[in-house]
Amino acid sequence: MSELVSTRIRNTAGKLGLPHLTETISEYIRRADEGKMGYLDFLDLVLSQELAVRHDRRFRQGLRLSRLPHHKTLDEYDFSFQPDLDPRKVKDLATLSFVEAKANAALLGPPGVGKTHIAVALAVTACRAGYSIYFTSLDDMVRHLKAAEAAGRLTSKLGTYQRPSVLVVDEVGYQPLERAEANLVFQVISKRYEKGSIILTSNKTFSEWGQVFGDEVLATAILDRLLHHCEVISINGPSYRLKNRLKAIERETEVA
């Protein structure tokens with residue numbers, strides 16, 4: 001293929017908003033020449049590569065906007081340290097069938113067992129699959145909603161938690177809420193009911209949520225919508241953080 005044609009393709013690609021193609025067309029042409037590709041095979045190569053680049057760009061942008069605390073994956077989770085946790089249940093969630101069904105997932109257990117790790121890993125998987133995601137702790141969500149309500153912008157702020165396909169709500173139960181705060185949480189849960197998925201983590205059993213939300217009736221209303229379509233996984237094992245801390249203490253003792 002002549003350099004003139006290559007230049008024309010680059011110019012056209014630039015006008016179409018395909019910057020990656022403008023940079024790589026010469027390489028694609030070289031591969032096509034070496035492989036003696038037909039026109040359809042060459043076109044398939046170019047389009048498939050451009051699609052892959054766009055998908056990766058969308059994935060990275062989704063992660064940037066998600067406010068995830070980290071981007072850990074399920075491959076990094078040490079299931080062997082939690083023998084009572086069935087890995088198949090977590091991997092079933094990773095198929096994202098619950099996201100497709102606009103259902104929810106709840107990860108329950110004491111601090112340090114990896115609930116947030118799994119929640120984030122599921123969110124990363126969803127982002128890679130093209131779903132929009134957003135992460136918040138319950139405390140941060142309530143604080144932002146209260147500030148928005150005081151400023152007369154509650155409806156707009158509720159949209160922040162309503163729009164994403166997957167909303168991750170971390171650390172439910174670490175701080176008790178006042179009834180007015182619990183009502184704000186109810187509005188989020190109610191607006192997302194059967195419209196989008198929630199992945200939540202909590203150190204409290206559902207029977208303790210009345211204490212968390214300061215009102216048994218309101219807690220029941222939240223649970224009714226949350227658990228109607230929900231996969232629940234309980235992790236009742238040792239703490240990863242404590243394990244790492246104990247190892248550090250042992251090393252310090254040995255050195256001493």
# chains A, B, ... in the order shown; residues from 1 in each chain; ligands from 1
>>> select_by_dssp(residues="stretch 75-219 of chain A", states="helix (DSSP H, G or I)", output="tab-separated table (two decimals) with N, CA and C atoms, in the first residue's frame")
chain	number	residue	atom	x	y	z
A	75	ASP	N	-8.43	-12.50	41.71
A	75	ASP	CA	-7.22	-13.31	41.65
A	75	ASP	C	-6.26	-12.98	42.80
A	76	GLU	N	-6.39	-11.79	43.35
A	76	GLU	CA	-5.51	-11.37	44.45
A	76	GLU	C	-6.09	-11.72	45.82
A	79	PHE	N	-8.34	-16.99	49.08
A	79	PHE	CA	-9.46	-17.82	49.55
A	79	PHE	C	-8.99	-18.87	50.55
A	80	SER	N	-7.74	-19.28	50.46
A	80	SER	CA	-7.23	-20.31	51.37
A	80	SER	C	-7.21	-19.83	52.81
A	81	PHE	N	-7.17	-18.52	53.02
A	81	PHE	CA	-7.16	-17.97	54.37
A	81	PHE	C	-8.56	-17.93	54.97
A	87	PRO	N	-15.44	-20.41	47.43
A	87	PRO	CA	-15.03	-19.54	46.31
A	87	PRO	C	-16.04	-19.54	45.17
A	88	ARG	N	-16.77	-20.65	45.02
A	88	ARG	CA	-17.73	-20.74	43.92
A	88	ARG	C	-18.82	-19.68	44.04
A	89	LYS	N	-19.22	-19.36	45.27
A	89	LYS	CA	-20.26	-18.35	45.46
A	89	LYS	C	-19.77	-16.98	44.97
A	90	VAL	N	-18.52	-16.66	45.28
A	90	VAL	CA	-17.97	-15.38	44.85
A	90	VAL	C	-17.78	-15.36	43.34
A	91	LYS	N	-17.29	-16.46	42.80
A	91	LYS	CA	-17.07	-16.52	41.36
A	91	LYS	C	-18.38	-16.51	40.59
A	92	ASP	N	-19.45	-17.02	41.20
A	92	ASP	CA	-20.77	-16.91	40.57
A	92	ASP	C	-21.19	-15.44	40.47
A	93	LEU	N	-20.89	-14.67	41.52
A	93	LEU	CA	-21.18	-13.23	41.47
A	93	LEU	C	-20.38	-12.55	40.37
A	97	SER	N	-24.29	-11.89	36.64
A	97	SER	CA	-25.70	-12.15	36.34
A	97	SER	C	-26.60	-11.31	37.23
A	98	PHE	N	-26.16	-11.04	38.46
A	98	PHE	CA	-26.96	-10.22	39.37
A	98	PHE	C	-27.00	-8.77	38.90
A	99	VAL	N	-25.92	-8.31	38.28
A	99	VAL	CA	-25.90	-6.94	37.74
A	99	VAL	C	-26.84	-6.84	36.54
A	100	GLU	N	-26.79	-7.84	35.71
A	100	GLU	CA	-27.69	-7.86	34.54
A	100	GLU	C	-29.15	-7.87	34.97
A	115	LYS	N	-14.05	-8.23	52.89
A	115	LYS	CA	-15.33	-7.87	52.27
A	115	LYS	C	-15.16	-6.78	51.22
A	116	THR	N	-14.41	-5.73	51.59
A	116	THR	CA	-14.21	-4.63	50.66
A	116	THR	C	-13.41	-5.07	49.44
A	117	HIS	N	-12.43	-5.93	49.65
A	117	HIS	CA	-11.63	-6.46	48.54
A	117	HIS	C	-12.55	-7.13	47.52
A	118	ILE	N	-13.43	-8.00	47.99
A	118	ILE	CA	-14.33	-8.71	47.08
A	118	ILE	C	-15.29	-7.73	46.40
A	119	ALA	N	-15.82	-6.79	47.18
A	119	ALA	CA	-16.76	-5.81	46.61
A	119	ALA	C	-16.09	-5.00	45.51
A	120	VAL	N	-14.87	-4.55	45.75
A	120	VAL	CA	-14.13	-3.77	44.75
A	120	VAL	C	-13.82	-4.64	43.54
A	121	ALA	N	-13.41	-5.88	43.77
A	121	ALA	CA	-13.08	-6.78	42.66
A	121	ALA	C	-14.31	-7.01	41.77
A	122	LEU	N	-15.48	-7.15	42.37
A	122	LEU	CA	-16.71	-7.32	41.58
A	122	LEU	C	-17.01	-6.05	40.79
A	123	ALA	N	-16.76	-4.90	41.41
A	123	ALA	CA	-16.99	-3.63	40.72
A	123	ALA	C	-16.04	-3.47	39.55
A	124	VAL	N	-14.78	-3.84	39.73
A	124	VAL	CA	-13.80	-3.77	38.64
A	124	VAL	C	-14.23	-4.68	37.49
A	125	THR	N	-14.70	-5.88	37.84
A	125	THR	CA	-15.18	-6.81	36.82
A	125	THR	C	-16.36	-6.21	36.06
A	126	ALA	N	-17.27	-5.57	36.79
A	126	ALA	CA	-18.43	-4.94	36.15
A	126	ALA	C	-18.00	-3.80	35.24
A	127	CYS	N	-17.02	-3.03	35.70
A	127	CYS	CA	-16.52	-1.91	34.89
A	127	CYS	C	-15.89	-2.43	33.60
A	128	ARG	N	-15.13	-3.51	33.70
A	128	ARG	CA	-14.51	-4.09	32.51
A	128	ARG	C	-15.57	-4.58	31.53
A	138	LEU	N	-20.80	4.12	53.52
A	138	LEU	CA	-22.11	4.61	53.95
A	138	LEU	C	-21.98	5.96	54.64
A	139	ASP	N	-20.95	6.11	55.46
A	139	ASP	CA	-20.74	7.35	56.19
A	139	ASP	C	-20.54	8.52	55.22
A	140	ASP	N	-19.71	8.33	54.19
A	140	ASP	CA	-19.49	9.41	53.21
A	140	ASP	C	-20.76	9.74	52.44
A	141	MET	N	-21.52	8.70	52.07
A	141	MET	CA	-22.75	8.94	51.33
A	141	MET	C	-23.73	9.76	52.15
A	142	VAL	N	-23.90	9.41	53.41
A	142	VAL	CA	-24.82	10.15	54.28
A	142	VAL	C	-24.34	11.58	54.47
A	143	ARG	N	-23.04	11.76	54.67
A	143	ARG	CA	-22.49	13.10	54.87
A	143	ARG	C	-22.74	13.98	53.64
A	144	HIS	N	-22.52	13.44	52.44
A	144	HIS	CA	-22.73	14.22	51.22
A	144	HIS	C	-24.22	14.50	50.99
A	145	LEU	N	-25.06	13.54	51.31
A	145	LEU	CA	-26.50	13.76	51.14
A	145	LEU	C	-27.02	14.82	52.11
A	146	LYS	N	-26.53	14.80	53.33
A	146	LYS	CA	-26.95	15.82	54.31
A	146	LYS	C	-26.51	17.21	53.87
A	147	ALA	N	-25.29	17.31	53.37
A	147	ALA	CA	-24.80	18.61	52.91
A	147	ALA	C	-25.62	19.10	51.72
A	148	ALA	N	-25.96	18.19	50.81
A	148	ALA	CA	-26.76	18.56	49.64
A	148	ALA	C	-28.16	18.98	50.06
A	149	GLU	N	-28.73	18.27	51.03
A	149	GLU	CA	-30.07	18.62	51.51
A	149	GLU	C	-30.06	20.02	52.13
A	150	ALA	N	-29.05	20.32	52.91
A	150	ALA	CA	-28.94	21.63	53.54
A	150	ALA	C	-28.79	22.74	52.51
A	154	LEU	N	-30.59	18.23	47.16
A	154	LEU	CA	-30.70	16.82	47.47
A	154	LEU	C	-31.06	15.98	46.24
A	155	THR	N	-32.00	16.46	45.43
A	155	THR	CA	-32.41	15.69	44.26
A	155	THR	C	-31.24	15.45	43.32
A	156	SER	N	-30.43	16.48	43.12
A	156	SER	CA	-29.27	16.34	42.25
A	156	SER	C	-28.27	15.35	42.84
A	157	LYS	N	-28.04	15.42	44.14
A	157	LYS	CA	-27.06	14.53	44.77
A	157	LYS	C	-27.56	13.09	44.79
A	158	LEU	N	-28.84	12.90	44.96
A	158	LEU	CA	-29.38	11.54	44.90
A	158	LEU	C	-29.08	10.90	43.54
A	159	GLY	N	-29.06	11.74	42.51
A	159	GLY	CA	-28.74	11.24	41.18
A	159	GLY	C	-27.34	10.65	41.08
A	160	THR	N	-26.41	11.16	41.89
A	160	THR	CA	-25.05	10.62	41.92
A	160	THR	C	-25.06	9.14	42.27
A	161	TYR	N	-25.95	8.77	43.18
A	161	TYR	CA	-26.03	7.39	43.65
A	161	TYR	C	-27.07	6.57	42.90
A	162	GLN	N	-27.85	7.24	42.09
A	162	GLN	CA	-28.89	6.56	41.32
A	162	GLN	C	-28.41	6.16	39.92
A	179	ARG	N	-32.25	8.96	62.69
A	179	ARG	CA	-33.38	8.58	61.83
A	179	ARG	C	-33.41	9.38	60.54
A	180	ALA	N	-33.10	10.69	60.62
A	180	ALA	CA	-33.10	11.53	59.41
A	180	ALA	C	-32.04	11.05	58.43
A	181	GLU	N	-30.89	10.61	58.95
A	181	GLU	CA	-29.83	10.09	58.09
A	181	GLU	C	-30.25	8.77	57.45
A	182	ALA	N	-30.90	7.93	58.26
A	182	ALA	CA	-31.38	6.64	57.74
A	182	ALA	C	-32.42	6.85	56.64
A	183	ASN	N	-33.21	7.90	56.77
A	183	ASN	CA	-34.21	8.18	55.75
A	183	ASN	C	-33.56	8.55	54.42
A	184	LEU	N	-32.40	9.22	54.47
A	184	LEU	CA	-31.66	9.53	53.25
A	184	LEU	C	-31.17	8.25	52.58
A	185	VAL	N	-30.69	7.31	53.40
A	185	VAL	CA	-30.25	6.02	52.86
A	185	VAL	C	-31.44	5.29	52.23
A	186	PHE	N	-32.59	5.35	52.88
A	186	PHE	CA	-33.79	4.71	52.34
A	186	PHE	C	-34.13	5.27	50.96
A	187	GLN	N	-33.96	6.58	50.80
A	187	GLN	CA	-34.27	7.19	49.49
A	187	GLN	C	-33.36	6.64	48.40
A	188	VAL	N	-32.08	6.45	48.73
A	188	VAL	CA	-31.15	5.90	47.75
A	188	VAL	C	-31.56	4.47	47.39
A	189	ILE	N	-31.80	3.65	48.41
A	189	ILE	CA	-32.16	2.24	48.18
A	189	ILE	C	-33.47	2.16	47.39
A	190	SER	N	-34.42	2.99	47.76
A	190	SER	CA	-35.73	2.96	47.11
A	190	SER	C	-35.64	3.36	45.64
A	191	LYS	N	-34.85	4.39	45.35
A	191	LYS	CA	-34.73	4.86	43.97
A	191	LYS	C	-33.98	3.86	43.09
A	192	ARG	N	-33.10	3.06	43.69
A	192	ARG	CA	-32.34	2.08	42.92
A	192	ARG	C	-33.07	0.74	42.82
A	206	PHE	N	-28.15	-8.73	59.52
A	206	PHE	CA	-29.35	-7.97	59.16
A	206	PHE	C	-30.26	-7.75	60.37
A	207	SER	N	-30.23	-8.67	61.32
A	207	SER	CA	-31.06	-8.52	62.52
A	207	SER	C	-30.61	-7.34	63.37
A	208	GLU	N	-29.37	-6.86	63.14
A	208	GLU	CA	-28.85	-5.72	63.90
A	208	GLU	C	-29.04	-4.39	63.20
A	209	TRP	N	-29.63	-4.42	62.02
A	209	TRP	CA	-29.76	-3.18	61.25
A	209	TRP	C	-30.72	-2.18	61.87
A	210	GLY	N	-31.64	-2.66	62.70
A	210	GLY	CA	-32.53	-1.73	63.41
A	210	GLY	C	-31.73	-0.79	64.29
A	211	GLN	N	-30.68	-1.31	64.92
A	211	GLN	CA	-29.81	-0.48	65.75
A	211	GLN	C	-28.96	0.45	64.88
A	212	VAL	N	-28.52	-0.07	63.74
A	212	VAL	CA	-27.68	0.74	62.84
A	212	VAL	C	-28.44	1.95	62.32
A	213	PHE	N	-29.68	1.74	61.92
A	213	PHE	CA	-30.46	2.81	61.30
A	213	PHE	C	-31.37	3.54	62.29
A	216	GLU	N	-36.47	0.54	63.73
A	216	GLU	CA	-36.75	-0.81	63.25
A	216	GLU	C	-37.62	-0.80	61.98
A	217	VAL	N	-38.61	0.10	61.97
A	217	VAL	CA	-39.52	0.16	60.82
A	217	VAL	C	-38.76	0.60	59.57
A	218	LEU	N	-37.92	1.61	59.71
A	218	LEU	CA	-37.15	2.12	58.57
A	218	LEU	C	-36.13	1.07	58.11
A	219	ALA	N	-35.49	0.40	59.07
A	219	ALA	CA	-34.53	-0.65	58.72
A	219	ALA	C	-35.22	-1.77	57.96
>>> select_by_dssp(residues="stretch 3-237 of chain A", states="strand (DSSP E or B)", output="PyMOL selection string")
chain A and resi 104-108+133-137+166-172+197-202+230-234
>>> closest_residue(among="A:His229, A:Lys102, A:Arg54, A:Arg153", to="A:Val166", atoms="only C-alpha atoms")
A:Lys102
>>> closest_residue(among="A:Gln61, A:Ser202, A:Ser48, A:Thr24", to="A:Gly114", atoms="only C-alpha atoms")
A:Ser202
>>> closest_residue(among="A:Tyr240, A:Ala151, A:Asp215, A:Pro69", to="A:Val168", atoms="only C-alpha atoms")
A:Pro69
>>> residues_around(residues="A:Pro110", least_positions_apart="2", cutoff="8 Å", atoms="only C-alpha atoms", output="VMD selection string")
chain A and resid 108 112 to 113 202 to 204 235 to 237 239
>>> write_last_selection(atoms="N, CA, C and O atoms", output="PDB file, in the first residue's frame")
ATOM      1  N   LEU A 108     -21.187  -9.917  54.238  1.00  0.00           N
ATOM      2  CA  LEU A 108     -21.280  -9.698  55.675  1.00  0.00           C
ATOM      3  C   LEU A 108     -20.139 -10.400  56.395  1.00  0.00           C
ATOM      4  O   LEU A 108     -19.684 -11.465  55.978  1.00  0.00           O
ATOM      5  N   GLY A 112     -11.862  -6.926  58.513  1.00  0.00           N
ATOM      6  CA  GLY A 112     -10.605  -7.518  58.118  1.00  0.00           C
ATOM      7  C   GLY A 112     -10.663  -8.802  57.329  1.00  0.00           C
ATOM      8  O   GLY A 112      -9.619  -9.350  56.961  1.00  0.00           O
ATOM      9  N   VAL A 113     -11.875  -9.303  57.018  1.00  0.00           N
ATOM     10  CA  VAL A 113     -11.964 -10.598  56.334  1.00  0.00           C
ATOM     11  C   VAL A 113     -11.931 -10.472  54.813  1.00  0.00           C
ATOM     12  O   VAL A 113     -11.949 -11.481  54.110  1.00  0.00           O
ATOM     13  N   SER A 202     -20.968  -5.128  55.186  1.00  0.00           N
ATOM     14  CA  SER A 202     -21.424  -4.769  56.529  1.00  0.00           C
ATOM     15  C   SER A 202     -20.811  -5.699  57.563  1.00  0.00           C
ATOM     16  O   SER A 202     -20.656  -6.900  57.315  1.00  0.00           O
ATOM     17  N   ASN A 203     -20.480  -5.138  58.710  1.00  0.00           N
ATOM     18  CA  ASN A 203     -19.991  -5.937  59.818  1.00  0.00           C
ATOM     19  C   ASN A 203     -21.124  -6.323  60.769  1.00  0.00           C
ATOM     20  O   ASN A 203     -20.877  -6.885  61.837  1.00  0.00           O
ATOM     21  N   LYS A 204     -22.345  -6.020  60.383  1.00  0.00           N
ATOM     22  CA  LYS A 204     -23.519  -6.326  61.194  1.00  0.00           C
ATOM     23  C   LYS A 204     -24.415  -7.337  60.485  1.00  0.00           C
ATOM     24  O   LYS A 204     -24.531  -7.322  59.250  1.00  0.00           O
ATOM     25  N   ILE A 235     -18.865 -14.025  55.550  1.00  0.00           N
ATOM     26  CA  ILE A 235     -17.461 -14.406  55.711  1.00  0.00           C
ATOM     27  C   ILE A 235     -17.134 -14.331  57.196  1.00  0.00           C
ATOM     28  O   ILE A 235     -17.059 -13.240  57.771  1.00  0.00           O
ATOM     29  N   ASN A 236     -16.976 -15.468  57.818  1.00  0.00           N
ATOM     30  CA  ASN A 236     -16.771 -15.503  59.269  1.00  0.00           C
ATOM     31  C   ASN A 236     -15.424 -16.121  59.612  1.00  0.00           C
ATOM     32  O   ASN A 236     -15.324 -17.118  60.323  1.00  0.00           O
ATOM     33  N   GLY A 237     -14.366 -15.523  59.062  1.00  0.00           N
ATOM     34  CA  GLY A 237     -13.023 -16.050  59.284  1.00  0.00           C
ATOM     35  C   GLY A 237     -12.126 -15.051  59.978  1.00  0.00           C
ATOM     36  O   GLY A 237     -12.577 -14.004  60.457  1.00  0.00           O
ATOM     37  N   SER A 239      -8.987 -12.236  60.468  1.00  0.00           N
ATOM     38  CA  SER A 239      -8.699 -10.946  59.830  1.00  0.00           C
ATOM     39  C   SER A 239      -7.379 -10.980  59.082  1.00  0.00           C
ATOM     40  O   SER A 239      -6.352 -11.381  59.631  1.00  0.00           O
TER      41      SER A 239
END
>>> closest_residue(among="A:Ser197, A:Thr22, A:Gln49, A:Thr73", to="A:Asn104", atoms="only C-alpha atoms")
A:Ser197
>>> closest_residue(among="A:Glu194, A:Leu45, A:Asn11, A:His71", to="A:Glu27", atoms="only C-alpha atoms")
A:Leu45
>>> residues_around(residues="A:Glu50", least_positions_apart="2", cutoff="12 Å", atoms="only C-alpha atoms", output="NGL selection string")
:A and (13 or 17-25 or 28 or 43-48 or 52-57)
>>> write_last_selection(atoms="N, CA, C and O atoms", output="mmCIF file, in the first residue's frame")
data_model
loop_
_atom_site.group_PDB
_atom_site.id
_atom_site.type_symbol
_atom_site.label_atom_id
_atom_site.label_comp_id
_atom_site.auth_asym_id
_atom_site.auth_seq_id
_atom_site.Cartn_x
_atom_site.Cartn_y
_atom_site.Cartn_z
ATOM 1 N N ALA A 13 -8.850 9.039 9.522
ATOM 2 C CA ALA A 13 -9.003 8.533 10.881
ATOM 3 C C ALA A 13 -9.030 9.666 11.894
ATOM 4 O O ALA A 13 -9.795 9.640 12.864
ATOM 5 N N GLY A 17 -12.180 10.887 14.529
ATOM 6 C CA GLY A 17 -11.931 10.772 15.962
ATOM 7 C C GLY A 17 -11.346 9.432 16.342
ATOM 8 O O GLY A 17 -11.713 8.856 17.376
ATOM 9 N N LEU A 18 -10.439 8.924 15.504
ATOM 10 C CA LEU A 18 -9.788 7.640 15.769
ATOM 11 C C LEU A 18 -8.281 7.871 15.907
ATOM 12 O O LEU A 18 -7.493 7.463 15.047
ATOM 13 N N PRO A 19 -7.849 8.504 16.996
ATOM 14 C CA PRO A 19 -6.435 8.864 17.137
ATOM 15 C C PRO A 19 -5.518 7.643 17.178
ATOM 16 O O PRO A 19 -4.379 7.711 16.697
ATOM 17 N N HIS A 20 -5.992 6.546 17.757
ATOM 18 C CA HIS A 20 -5.150 5.349 17.813
ATOM 19 C C HIS A 20 -4.835 4.841 16.410
ATOM 20 O O HIS A 20 -3.703 4.431 16.132
ATOM 21 N N LEU A 21 -5.820 4.900 15.532
ATOM 22 C CA LEU A 21 -5.620 4.418 14.163
ATOM 23 C C LEU A 21 -4.623 5.281 13.409
ATOM 24 O O LEU A 21 -3.822 4.781 12.617
ATOM 25 N N THR A 22 -4.653 6.586 13.673
ATOM 26 C CA THR A 22 -3.705 7.469 12.990
ATOM 27 C C THR A 22 -2.268 7.127 13.376
ATOM 28 O O THR A 22 -1.343 7.329 12.588
ATOM 29 N N GLU A 23 -2.085 6.599 14.589
ATOM 30 C CA GLU A 23 -0.742 6.277 15.065
ATOM 31 C C GLU A 23 -0.284 4.887 14.638
ATOM 32 O O GLU A 23 0.917 4.623 14.572
ATOM 33 N N THR A 24 -1.228 4.000 14.379
ATOM 34 C CA THR A 24 -0.863 2.584 14.172
ATOM 35 C C THR A 24 -1.129 2.066 12.766
ATOM 36 O O THR A 24 -0.827 0.905 12.483
ATOM 37 N N ILE A 25 -1.687 2.873 11.887
ATOM 38 C CA ILE A 25 -2.073 2.365 10.572
ATOM 39 C C ILE A 25 -0.878 1.787 9.803
ATOM 40 O O ILE A 25 -0.997 0.766 9.107
ATOM 41 N N TYR A 28 -0.352 -1.700 10.994
ATOM 42 C CA TYR A 28 -1.382 -2.601 10.470
ATOM 43 C C TYR A 28 -1.099 -2.937 8.996
ATOM 44 O O TYR A 28 -1.282 -4.085 8.562
ATOM 45 N N LEU A 43 -9.581 -5.222 7.044
ATOM 46 C CA LEU A 43 -10.602 -4.382 7.658
ATOM 47 C C LEU A 43 -10.987 -4.928 9.035
ATOM 48 O O LEU A 43 -11.167 -4.170 9.999
ATOM 49 N N ASP A 44 -11.086 -6.258 9.144
ATOM 50 C CA ASP A 44 -11.415 -6.876 10.422
ATOM 51 C C ASP A 44 -10.321 -6.605 11.446
ATOM 52 O O ASP A 44 -10.602 -6.327 12.619
ATOM 53 N N LEU A 45 -9.051 -6.661 11.027
ATOM 54 C CA LEU A 45 -7.931 -6.371 11.923
ATOM 55 C C LEU A 45 -8.016 -4.951 12.468
ATOM 56 O O LEU A 45 -7.920 -4.728 13.682
ATOM 57 N N VAL A 46 -8.217 -4.004 11.572
ATOM 58 C CA VAL A 46 -8.244 -2.602 11.974
ATOM 59 C C VAL A 46 -9.407 -2.321 12.926
ATOM 60 O O VAL A 46 -9.245 -1.690 13.978
ATOM 61 N N LEU A 47 -10.595 -2.806 12.565
ATOM 62 C CA LEU A 47 -11.779 -2.529 13.386
ATOM 63 C C LEU A 47 -11.718 -3.210 14.744
ATOM 64 O O LEU A 47 -12.094 -2.625 15.762
ATOM 65 N N SER A 48 -11.228 -4.457 14.789
ATOM 66 C CA SER A 48 -11.149 -5.179 16.058
ATOM 67 C C SER A 48 -10.138 -4.529 16.998
ATOM 68 O O SER A 48 -10.375 -4.423 18.208
ATOM 69 N N ALA A 52 -10.924 -2.740 20.617
ATOM 70 C CA ALA A 52 -10.212 -3.114 21.838
ATOM 71 C C ALA A 52 -9.646 -1.878 22.534
ATOM 72 O O ALA A 52 -9.703 -1.761 23.766
ATOM 73 N N VAL A 53 -9.113 -0.945 21.750
ATOM 74 C CA VAL A 53 -8.561 0.281 22.321
ATOM 75 C C VAL A 53 -9.660 1.108 22.971
ATOM 76 O O VAL A 53 -9.493 1.643 24.076
ATOM 77 N N ARG A 54 -10.787 1.217 22.291
ATOM 78 C CA ARG A 54 -11.900 1.987 22.847
ATOM 79 C C ARG A 54 -12.416 1.354 24.137
ATOM 80 O O ARG A 54 -12.750 2.049 25.105
ATOM 81 N N HIS A 55 -12.504 0.025 24.150
ATOM 82 C CA HIS A 55 -12.979 -0.688 25.338
ATOM 83 C C HIS A 55 -12.024 -0.438 26.506
ATOM 84 O O HIS A 55 -12.455 -0.170 27.634
ATOM 85 N N ASP A 56 -10.730 -0.517 26.255
ATOM 86 C CA ASP A 56 -9.746 -0.290 27.307
ATOM 87 C C ASP A 56 -9.801 1.149 27.802
ATOM 88 O O ASP A 56 -9.699 1.407 29.015
ATOM 89 N N ARG A 57 -9.979 2.093 26.861
ATOM 90 C CA ARG A 57 -10.078 3.501 27.242
ATOM 91 C C ARG A 57 -11.318 3.739 28.096
ATOM 92 O O ARG A 57 -11.271 4.454 29.123
#
>>> atom_distance(atom1="atom CA of A:Thr136", atom2="atom CA of A:Val169")
5.3 Å
>>> atom_distance(atom1="atom CA of A:Gly38", atom2="atom CA of A:Ile9")
17.3 Å
